[in-house]
file start14.pdb (PDB, C-alpha atoms and all ligand atoms)
MODEL        1
ATOM      1  CA  MET A 278     -15.287 -16.876  -6.654  1.00  0.00           C
ATOM      2  CA  VAL A 279     -13.728 -14.084  -8.618  1.00  0.00           C
ATOM      3  CA  PHE A 280     -14.259 -10.786  -6.847  1.00  0.00           C
ATOM      4  CA  TRP A 281     -12.446  -8.165  -8.853  1.00  0.00           C
ATOM      5  CA  LYS A 282     -13.602  -4.676  -8.174  1.00  0.00           C
ATOM      6  CA  ARG A 283     -12.586  -1.650 -10.172  1.00  0.00           C
ATOM      7  CA  LEU A 284     -13.222   0.841  -7.445  1.00  0.00           C
ATOM      8  CA  PHE A 285     -12.367   3.968  -9.416  1.00  0.00           C
ATOM      9  CA  ASN A 286     -11.178   4.660 -12.945  1.00  0.00           C
ATOM     10  CA  ASN A 287      -7.968   6.102 -11.623  1.00  0.00           C
ATOM     11  CA  THR A 288      -5.132   5.663 -14.114  1.00  0.00           C
ATOM     12  CA  ASP A 289      -1.503   5.448 -13.113  1.00  0.00           C
ATOM     13  CA  ILE A 290       0.761   8.220 -14.311  1.00  0.00           C
ATOM     14  CA  SER A 291       3.593   5.797 -15.050  1.00  0.00           C
ATOM     15  CA  ASN A 292       4.196   3.283 -17.828  1.00  0.00           C
ATOM     16  CA  THR A 293       2.464   0.097 -18.972  1.00  0.00           C
ATOM     17  CA  ASP A 294       4.389  -3.183 -19.113  1.00  0.00           C
ATOM     18  CA  GLN A 295       4.231  -4.335 -22.744  1.00  0.00           C
ATOM     19  CA  LYS A 296       4.132  -8.100 -22.067  1.00  0.00           C
ATOM     20  CA  SER A 297       1.453  -8.152 -19.384  1.00  0.00           C
ATOM     21  CA  GLN A 298      -0.319  -4.842 -20.057  1.00  0.00           C
ATOM     22  CA  PHE A 299       0.352  -4.080 -16.401  1.00  0.00           C
ATOM     23  CA  LYS A 300       0.117  -0.381 -15.625  1.00  0.00           C
ATOM     24  CA  GLY A 301       2.631   0.615 -12.996  1.00  0.00           C
ATOM     25  CA  GLU A 302       6.153   1.592 -12.038  1.00  0.00           C
ATOM     26  CA  PRO A 303       8.790  -1.167 -12.432  1.00  0.00           C
ATOM     27  CA  VAL A 304      10.829  -1.922  -9.311  1.00  0.00           C
ATOM     28  CA  ASN A 305      14.398  -3.182  -9.033  1.00  0.00           C
ATOM     29  CA  LEU A 306      14.380  -5.401  -5.995  1.00  0.00           C
ATOM     30  CA  LYS A 307      17.464  -6.220  -3.891  1.00  0.00           C
ATOM     31  CA  GLY A 308      18.497  -9.855  -4.548  1.00  0.00           C
ATOM     32  CA  HIS A 309      15.623 -10.453  -6.967  1.00  0.00           C
ATOM     33  CA  THR A 310      17.379 -12.100  -9.915  1.00  0.00           C
ATOM     34  CA  ASP A 311      14.518 -14.069 -11.487  1.00  0.00           C
ATOM     35  CA  GLY A 312      14.347 -12.853 -15.100  1.00  0.00           C
ATOM     36  CA  GLN A 313      10.839 -14.312 -15.526  1.00  0.00           C
ATOM     37  CA  THR A 314       9.094 -12.187 -12.923  1.00  0.00           C
ATOM     38  CA  ARG A 315       8.889  -8.461 -12.542  1.00  0.00           C
ATOM     39  CA  ILE A 316       7.786  -6.303  -9.633  1.00  0.00           C
ATOM     40  CA  PHE A 317       5.624  -3.197 -10.013  1.00  0.00           C
ATOM     41  CA  PHE A 318       4.075  -0.481  -7.879  1.00  0.00           C
ATOM     42  CA  THR A 319       0.755   0.925  -8.994  1.00  0.00           C
ATOM     43  CA  ARG A 320      -2.029   3.288  -7.976  1.00  0.00           C
ATOM     44  CA  GLU A 321      -4.584   1.221  -9.896  1.00  0.00           C
ATOM     45  CA  ARG A 322      -7.421   0.304  -7.556  1.00  0.00           C
ATOM     46  CA  GLU A 323      -8.220  -3.092  -9.030  1.00  0.00           C
ATOM     47  CA  ILE A 324      -7.658  -5.065  -5.844  1.00  0.00           C
ATOM     48  CA  ASP A 325      -9.141  -8.502  -5.239  1.00  0.00           C
ATOM     49  CA  LEU A 326     -10.447  -8.242  -1.678  1.00  0.00           C
ATOM     50  CA  TYR A 327      -9.772 -11.932  -1.022  1.00  0.00           C
ATOM     51  CA  GLU A 328      -6.173 -11.545  -2.220  1.00  0.00           C
ATOM     52  CA  LEU A 329      -5.786  -8.525   0.052  1.00  0.00           C
ATOM     53  CA  GLU A 330      -7.182 -10.561   2.946  1.00  0.00           C
ATOM     54  CA  GLU A 331      -4.634 -13.326   2.199  1.00  0.00           C
ATOM     55  CA  LEU A 332      -1.818 -10.767   2.257  1.00  0.00           C
ATOM     56  CA  CYS A 333      -2.997  -9.416   5.623  1.00  0.00           C
ATOM     57  CA  ASP A 334      -3.405 -13.002   6.941  1.00  0.00           C
ATOM     58  CA  ALA A 335       0.224 -13.674   5.923  1.00  0.00           C
ATOM     59  CA  VAL A 336       1.481 -11.022   8.383  1.00  0.00           C
ATOM     60  CA  GLY A 337      -0.936 -12.149  11.109  1.00  0.00           C
ATOM     61  CA  TRP A 338      -3.342  -9.207  11.091  1.00  0.00           C
ATOM     62  CA  ALA A 339      -6.798  -9.745  12.545  1.00  0.00           C
ATOM     63  CA  ARG A 340      -9.442 -10.274   9.857  1.00  0.00           C
ATOM     64  CA  ARG A 341     -11.881  -7.458   9.116  1.00  0.00           C
ATOM     65  CA  PRO A 342     -15.290  -7.747   7.441  1.00  0.00           C
ATOM     66  CA  LEU A 343     -14.720  -7.578   3.675  1.00  0.00           C
ATOM     67  CA  ARG A 344     -17.662  -5.225   3.084  1.00  0.00           C
ATOM     68  CA  LYS A 345     -15.987  -2.727   5.453  1.00  0.00           C
ATOM     69  CA  VAL A 346     -12.584  -3.229   3.814  1.00  0.00           C
ATOM     70  CA  LYS A 347     -14.241  -2.557   0.451  1.00  0.00           C
ATOM     71  CA  ARG A 348     -15.741   0.683   1.825  1.00  0.00           C
ATOM     72  CA  ALA A 349     -12.392   1.701   3.300  1.00  0.00           C
ATOM     73  CA  LEU A 350     -10.741   1.239  -0.106  1.00  0.00           C
ATOM     74  CA  THR A 351     -13.530   3.038  -1.939  1.00  0.00           C
ATOM     75  CA  TYR A 352     -13.293   6.093   0.317  1.00  0.00           C
ATOM     76  CA  SER A 353      -9.498   6.132   0.590  1.00  0.00           C
ATOM     77  CA  PHE A 354      -7.863   9.030  -1.195  1.00  0.00           C
ATOM     78  CA  MET A 355      -5.094   6.804  -2.538  1.00  0.00           C
ATOM     79  CA  VAL A 356      -4.409   3.092  -2.730  1.00  0.00           C
ATOM     80  CA  VAL A 357      -0.972   1.816  -3.690  1.00  0.00           C
ATOM     81  CA  SER A 358       0.061  -1.773  -4.160  1.00  0.00           C
ATOM     82  CA  ALA A 359       3.067  -3.894  -5.130  1.00  0.00           C
ATOM     83  CA  TRP A 360       2.696  -6.779  -7.571  1.00  0.00           C
ATOM     84  CA  GLU A 361       4.785  -9.707  -8.722  1.00  0.00           C
ATOM     85  CA  VAL A 362       4.028 -10.118 -12.434  1.00  0.00           C
ATOM     86  CA  LYS A 363       4.825 -13.276 -14.403  1.00  0.00           C
ATOM     87  CA  GLY A 364       3.435 -13.316 -17.953  1.00  0.00           C
ATOM     88  CA  ASN A 365      -0.263 -12.586 -17.597  1.00  0.00           C
ATOM     89  CA  ARG A 366      -0.353 -13.628 -13.950  1.00  0.00           C
ATOM     90  CA  LYS A 367      -0.005 -11.100 -11.160  1.00  0.00           C
ATOM     91  CA  ARG A 368       0.160 -11.531  -7.436  1.00  0.00           C
ATOM     92  CA  LEU A 369      -0.449  -8.912  -4.749  1.00  0.00           C
ATOM     93  CA  ILE A 370       2.682  -8.665  -2.562  1.00  0.00           C
ATOM     94  CA  GLY A 371       2.319  -5.222  -0.978  1.00  0.00           C
ATOM     95  CA  PHE A 372      -0.367  -2.729  -0.067  1.00  0.00           C
ATOM     96  CA  ALA A 373      -0.902   0.660   1.571  1.00  0.00           C
ATOM     97  CA  ARG A 374      -3.636   3.297   1.445  1.00  0.00           C
ATOM     98  CA  ALA A 375      -4.103   6.897   2.489  1.00  0.00           C
ATOM     99  CA  THR A 376      -7.087   8.948   3.587  1.00  0.00           C
ATOM    100  CA  SER A 377      -7.022  12.698   3.015  1.00  0.00           C
ATOM    101  CA  ASP A 378      -8.794  16.072   3.083  1.00  0.00           C
ATOM    102  CA  HIS A 379      -7.626  16.357  -0.565  1.00  0.00           C
ATOM    103  CA  ALA A 380      -5.866  19.644   0.197  1.00  0.00           C
ATOM    104  CA  PHE A 381      -3.362  19.649   3.065  1.00  0.00           C
ATOM    105  CA  ASN A 382      -3.259  16.346   4.926  1.00  0.00           C
ATOM    106  CA  ALA A 383      -3.033  12.643   4.264  1.00  0.00           C
ATOM    107  CA  THR A 384      -2.777   9.743   6.701  1.00  0.00           C
ATOM    108  CA  ILE A 385      -1.278   6.435   5.616  1.00  0.00           C
ATOM    109  CA  TRP A 386      -2.874   3.153   6.762  1.00  0.00           C
ATOM    110  CA  ASP A 387      -2.468  -0.619   6.361  1.00  0.00           C
ATOM    111  CA  VAL A 388       1.141  -0.745   5.154  1.00  0.00           C
ATOM    112  CA  VAL A 389       2.021  -4.360   4.449  1.00  0.00           C
ATOM    113  CA  ILE A 390       4.574  -6.389   2.483  1.00  0.00           C
ATOM    114  CA  HIS A 391       4.254 -10.163   2.062  1.00  0.00           C
ATOM    115  CA  PRO A 392       6.770 -11.935   4.355  1.00  0.00           C
ATOM    116  CA  ARG A 393       8.455 -13.628   1.353  1.00  0.00           C
ATOM    117  CA  PHE A 394       9.294 -10.164  -0.019  1.00  0.00           C
ATOM    118  CA  GLN A 395      10.234  -8.422   3.233  1.00  0.00           C
ATOM    119  CA  SER A 396      13.764  -7.136   3.983  1.00  0.00           C
ATOM    120  CA  LYS A 397      14.508  -6.546   0.280  1.00  0.00           C
ATOM    121  CA  GLY A 398      13.748  -2.822   0.228  1.00  0.00           C
ATOM    122  CA  LEU A 399      10.196  -3.248  -1.095  1.00  0.00           C
ATOM    123  CA  GLY A 400       8.443  -1.630   1.898  1.00  0.00           C
ATOM    124  CA  LYS A 401      10.760   1.359   1.704  1.00  0.00           C
ATOM    125  CA  GLY A 402      10.252   1.586  -2.073  1.00  0.00           C
ATOM    126  CA  MET A 403       6.468   1.350  -1.771  1.00  0.00           C
ATOM    127  CA  MET A 404       6.385   4.044   0.938  1.00  0.00           C
ATOM    128  CA  LYS A 405       8.584   6.332  -1.170  1.00  0.00           C
ATOM    129  CA  TYR A 406       6.273   5.686  -4.144  1.00  0.00           C
ATOM    130  CA  MET A 407       3.242   6.611  -2.019  1.00  0.00           C
ATOM    131  CA  ILE A 408       4.908   9.769  -0.697  1.00  0.00           C
ATOM    132  CA  ARG A 409       5.811  10.754  -4.276  1.00  0.00           C
ATOM    133  CA  GLN A 410       2.230  10.193  -5.402  1.00  0.00           C
ATOM    134  CA  LEU A 411       0.835  12.199  -2.458  1.00  0.00           C
ATOM    135  CA  ARG A 412       3.272  15.032  -3.155  1.00  0.00           C
ATOM    136  CA  SER A 413       2.163  14.979  -6.814  1.00  0.00           C
ATOM    137  CA  GLU A 414      -1.371  15.684  -5.481  1.00  0.00           C
ATOM    138  CA  ASP A 415       0.076  18.682  -3.580  1.00  0.00           C
ATOM    139  CA  ILE A 416      -0.397  17.054  -0.168  1.00  0.00           C
ATOM    140  CA  SER A 417       2.227  18.463   2.198  1.00  0.00           C
ATOM    141  CA  ASN A 418       1.392  16.981   5.605  1.00  0.00           C
ATOM    142  CA  ILE A 419       1.682  13.172   5.690  1.00  0.00           C
ATOM    143  CA  THR A 420       1.010  11.317   8.937  1.00  0.00           C
ATOM    144  CA  LEU A 421       0.652   7.727  10.074  1.00  0.00           C
ATOM    145  CA  PHE A 422       0.265   5.591  13.192  1.00  0.00           C
ATOM    146  CA  ALA A 423       3.220   3.244  13.625  1.00  0.00           C
ATOM    147  CA  ASP A 424       3.089  -0.024  15.527  1.00  0.00           C
ATOM    148  CA  PRO A 425       5.898   0.083  18.136  1.00  0.00           C
ATOM    149  CA  GLN A 426       8.007  -2.515  16.289  1.00  0.00           C
ATOM    150  CA  VAL A 427       8.069  -0.497  13.052  1.00  0.00           C
ATOM    151  CA  VAL A 428       8.793   3.009  14.361  1.00  0.00           C
ATOM    152  CA  ASP A 429      12.378   2.811  13.081  1.00  0.00           C
ATOM    153  CA  PHE A 430      11.215   1.652   9.639  1.00  0.00           C
ATOM    154  CA  TYR A 431       9.215   4.888   9.292  1.00  0.00           C
ATOM    155  CA  ARG A 432      11.911   7.001  10.977  1.00  0.00           C
ATOM    156  CA  ARG A 433      14.366   5.872   8.272  1.00  0.00           C
ATOM    157  CA  LEU A 434      11.893   7.223   5.699  1.00  0.00           C
ATOM    158  CA  GLY A 435      11.943  10.657   7.320  1.00  0.00           C
ATOM    159  CA  PHE A 436       8.869  10.389   9.564  1.00  0.00           C
ATOM    160  CA  VAL A 437       9.309  12.214  12.866  1.00  0.00           C
ATOM    161  CA  LEU A 438       7.968  10.904  16.159  1.00  0.00           C
ATOM    162  CA  ASP A 439       5.816  13.418  18.136  1.00  0.00           C
ATOM    163  CA  PRO A 440       7.062  16.547  16.302  1.00  0.00           C
ATOM    164  CA  GLU A 441       7.172  19.536  18.680  1.00  0.00           C
ATOM    165  CA  GLY A 442       5.716  17.270  21.362  1.00  0.00           C
ATOM    166  CA  ILE A 443       2.466  16.667  19.444  1.00  0.00           C
ATOM    167  CA  LYS A 444       0.801  13.445  20.638  1.00  0.00           C
ATOM    168  CA  GLY A 445      -1.585  11.220  18.704  1.00  0.00           C
ATOM    169  CA  MET A 446      -4.786  10.759  20.741  1.00  0.00           C
ATOM    170  CA  PHE A 447      -7.418   8.073  20.344  1.00  0.00           C
ATOM    171  CA  TRP A 448     -11.005   7.730  21.480  1.00  0.00           C
ATOM    172  CA  TYR A 449     -12.489   4.240  21.733  1.00  0.00           C
ATOM    173  CA  PRO A 450     -16.110   3.278  22.471  1.00  0.00           C
ATOM    174  CA  ASP A 451     -16.582   1.761  25.980  1.00  0.00           C
TER     175      ASP A 451
HETATM  176  C1  LIG B 501       7.058  -3.033   8.074  1.00  0.00           C
HETATM  177  C2  LIG B 501       7.186  -3.583   6.664  1.00  0.00           C
HETATM  178  C3  LIG B 501       6.141  -2.904   5.749  1.00  0.00           C
HETATM  179  C4  LIG B 501       8.603  -3.273   6.152  1.00  0.00           C
HETATM  180  O1  LIG B 501       8.718  -3.715   4.811  1.00  0.00           O
HETATM  181  P1  LIG B 501      10.081  -4.370   4.263  1.00  0.00           P
HETATM  182  O2  LIG B 501       9.929  -4.533   2.809  1.00  0.00           O
HETATM  183  O3  LIG B 501      10.398  -5.582   5.056  1.00  0.00           O
HETATM  184  O4  LIG B 501      11.140  -3.239   4.626  1.00  0.00           O
HETATM  185  P2  LIG B 501      12.418  -2.824   3.772  1.00  0.00           P
HETATM  186  O5  LIG B 501      13.162  -4.048   3.362  1.00  0.00           O
HETATM  187  O6  LIG B 501      11.999  -1.910   2.694  1.00  0.00           O
HETATM  188  O7  LIG B 501      13.258  -2.028   4.850  1.00  0.00           O
HETATM  189  C5  LIG B 501      13.643  -0.676   4.683  1.00  0.00           C
HETATM  190  C6  LIG B 501      14.536  -0.274   5.821  1.00  0.00           C
HETATM  191  O8  LIG B 501      13.808  -0.342   7.048  1.00  0.00           O
HETATM  192  C7  LIG B 501      14.413  -1.277   7.932  1.00  0.00           C
HETATM  193  N1  LIG B 501      13.317  -2.020   8.571  1.00  0.00           N
HETATM  194  C8  LIG B 501      12.464  -2.882   7.998  1.00  0.00           C
HETATM  195  N2  LIG B 501      11.579  -3.343   8.907  1.00  0.00           N
HETATM  196  C9  LIG B 501      11.926  -2.738  10.080  1.00  0.00           C
HETATM  197  C10 LIG B 501      11.406  -2.808  11.387  1.00  0.00           C
HETATM  198  N3  LIG B 501      10.367  -3.589  11.704  1.00  0.00           N
HETATM  199  N4  LIG B 501      12.002  -2.045  12.343  1.00  0.00           N
HETATM  200  C11 LIG B 501      13.034  -1.243  12.047  1.00  0.00           C
HETATM  201  N5  LIG B 501      13.582  -1.152  10.818  1.00  0.00           N
HETATM  202  C12 LIG B 501      13.027  -1.890   9.855  1.00  0.00           C
HETATM  203  C13 LIG B 501      15.281  -2.167   7.079  1.00  0.00           C
HETATM  204  O9  LIG B 501      16.355  -2.685   7.812  1.00  0.00           O
HETATM  205  C14 LIG B 501      15.728  -1.200   6.005  1.00  0.00           C
HETATM  206  O10 LIG B 501      16.802  -0.401   6.466  1.00  0.00           O
HETATM  207  P3  LIG B 501      17.889   0.235   5.445  1.00  0.00           P
HETATM  208  O11 LIG B 501      17.142   1.195   4.539  1.00  0.00           O
HETATM  209  O12 LIG B 501      18.844   0.923   6.350  1.00  0.00           O
HETATM  210  O13 LIG B 501      18.459  -0.914   4.688  1.00  0.00           O
HETATM  211  C15 LIG B 501       7.012  -5.126   6.622  1.00  0.00           C
HETATM  212  O14 LIG B 501       7.959  -5.698   7.477  1.00  0.00           O
HETATM  213  C16 LIG B 501       5.627  -5.607   6.991  1.00  0.00           C
HETATM  214  O15 LIG B 501       4.737  -5.703   6.144  1.00  0.00           O
HETATM  215  N6  LIG B 501       5.433  -5.939   8.293  1.00  0.00           N
HETATM  216  C17 LIG B 501       4.157  -6.497   8.758  1.00  0.00           C
HETATM  217  C18 LIG B 501       3.037  -5.485   8.726  1.00  0.00           C
HETATM  218  C19 LIG B 501       3.361  -4.237   9.553  1.00  0.00           C
HETATM  219  O16 LIG B 501       3.831  -4.336  10.675  1.00  0.00           O
HETATM  220  N7  LIG B 501       3.044  -3.073   8.965  1.00  0.00           N
HETATM  221  C20 LIG B 501       3.248  -1.794   9.591  1.00  0.00           C
HETATM  222  C21 LIG B 501       2.052  -1.427  10.405  1.00  0.00           C
HETATM  223  S1  LIG B 501       2.225   0.198  11.150  1.00  0.00           S
ENDMDL
END
call {"tool": "encode", "arguments": {"input": "start14.pdb", "output": "structure tokens"}}
result
Amino acid sequence: MVFWKRLFNNTDISNTDQKSQFKGEPVNLKGHTDGQTRIFFTREREIDLYELEELCDAVGWARRPLRKVKRALTYSFMVVSAWEVKGNRKRLIGFARATSDHAFNATIWDVVIHPRFQSKGLGKGMMKYMIRQLRSEDISNITLFADPQVVDFYRRLGFVLDPEGIKGMFWYPD
């Protein structure tokens, strides 16, 4: 079942690939020498929810109800994704989203790169792309919650752990 959803008519500020009509920012990937395929980052929100679920499955994340994922995407301030494009075919290989007060703060969630594309600089590139896009919206305070095994990944991007002793606090239902 095809389940494409154009969640907003948000157009990317960067260029369109002539061959595939793909709107996004081309990426030069470390060790990616295949002349047939190209990699892009985009802010376009046309995300197939089943493809996103497959990407999250690939890194072992617990499944979430798709209707809630759809809501989360709809009400996110920004959605960025990475795509492998070959001719007219495109495949989702990276994803991240941010919620925001649209003025001062944004929080980044659900950062994921497909295992086949990890350790090539794509996660770093996608995060830098998202930070650039958030800065272009005049957002100055960018936060996130890092799983313990990826703290250094974010630290390398300039994120600071517990600045001035500030602690993230969580409330969970009993
Ligand atoms: C975390 C993740 C997004 C990183 O993406 P990636 O494309 O593999 O990372 P990159 O190749 O861009 O790495 C960028 C830099 O971070 C380092 N790095 C990557 N993953 C790291 C990790 N888990 N811990 C510490 N450093 C890491 C790399 O060595 C590289 O360092 P360099 O700039 O000095 O060369 C990816 O591994 C992933 O999707 N993991 C599963 C989902 C996940 O855990 N998401 C985060 C939830 S908070």
call {"tool": "closest_residue", "arguments": {"input": "start14.pdb", "among": "A:Leu329, A:Ala335, A:Val356, A:Leu399", "to": "Lys307 in chain A", "atoms": "all atoms listed in the file"}}
result
A:Leu399
call {"tool": "residues_near_ligand", "arguments": {"input": "start14.pdb", "ligand": "ligand LIG 501 (chain B)", "cutoff": "6 Å", "atoms": "all atoms listed in the file", "output": "PyMOL selection string"}}
result
chain A and resi 336+388-390+395-401+423-424+426-427+429-430
call {"tool": "closest_residue", "arguments": {"input": "start14.pdb", "among": "A:Ala349, A:Ala359, A:Leu369, A:Met407", "to": "Tyr327 in chain A", "atoms": "all atoms listed in the file"}}
result
A:Leu369
call {"tool": "closest_residue", "arguments": {"input": "start14.pdb", "among": "A:Gln410, A:Asn305, A:Thr319, A:Thr314", "to": "Phe354 in chain A", "atoms": "only C-alpha atoms"}}
result
A:Gln410
call {"tool": "residues_around", "arguments": {"input": "start14.pdb", "residues": "Met355 in chain A", "least_positions_apart": "2", "cutoff": "7 Å", "atoms": "all atoms listed in the file", "output": "ChimeraX atom specification"}}
result
/A:353,357,374-376
call {"tool": "atom_distance", "arguments": {"input": "start14.pdb", "atom1": "CA of Phe447 in chain A", "atom2": "CA of His391 in chain A"}}
result
28.3 Å
call {"tool": "atom_distance", "arguments": {"input": "start14.pdb", "atom1": "CA of Gly312 in chain A", "atom2": "CA of Met404 in chain A"}}
result
24.6 Å
call {"tool": "closest_residue", "arguments": {"input": "start14.pdb", "among": "A:Phe317, A:Ala380, A:Trp360, A:Val304", "to": "Glu414 in chain A", "atoms": "only C-alpha atoms"}}
result
A:Ala380
call {"tool": "closest_residue", "arguments": {"input": "start14.pdb", "among": "A:Asp325, A:Leu306, A:Asn382, A:Pro392", "to": "Gly337 in chain A", "atoms": "all atoms listed in the file"}}
result
A:Pro392
call {"tool": "atom_distance", "arguments": {"input": "start14.pdb", "atom1": "CA of Lys367 in chain A", "atom2": "CA of Lys347 in chain A"}}
result
20.3 Å
call {"tool": "closest_residue", "arguments": {"input": "start14.pdb", "among": "A:Leu438, A:Val428, A:Leu326, A:His379", "to": "Arg348 in chain A", "atoms": "only C-alpha atoms"}}
result
A:Leu326
call {"tool": "residues_around", "arguments": {"input": "start14.pdb", "residues": "Arg315 in chain A", "least_positions_apart": "4", "cutoff": "7 Å", "atoms": "only C-alpha atoms", "output": "list of chain:residue names"}}
result
A:Glu361, A:Val362, A:Lys363
call {"tool": "axis_aligned_box", "arguments": {"input": "start14.pdb", "around": "range 385-398 of chain A", "padding_each_side": "8 Å", "output": "AutoDock Vina command-line options"}}
result
--center_x 5.8 --center_y -3.6 --center_z 3.4 --size_x 33.4 --size_y 36.1 --size_z 22.8
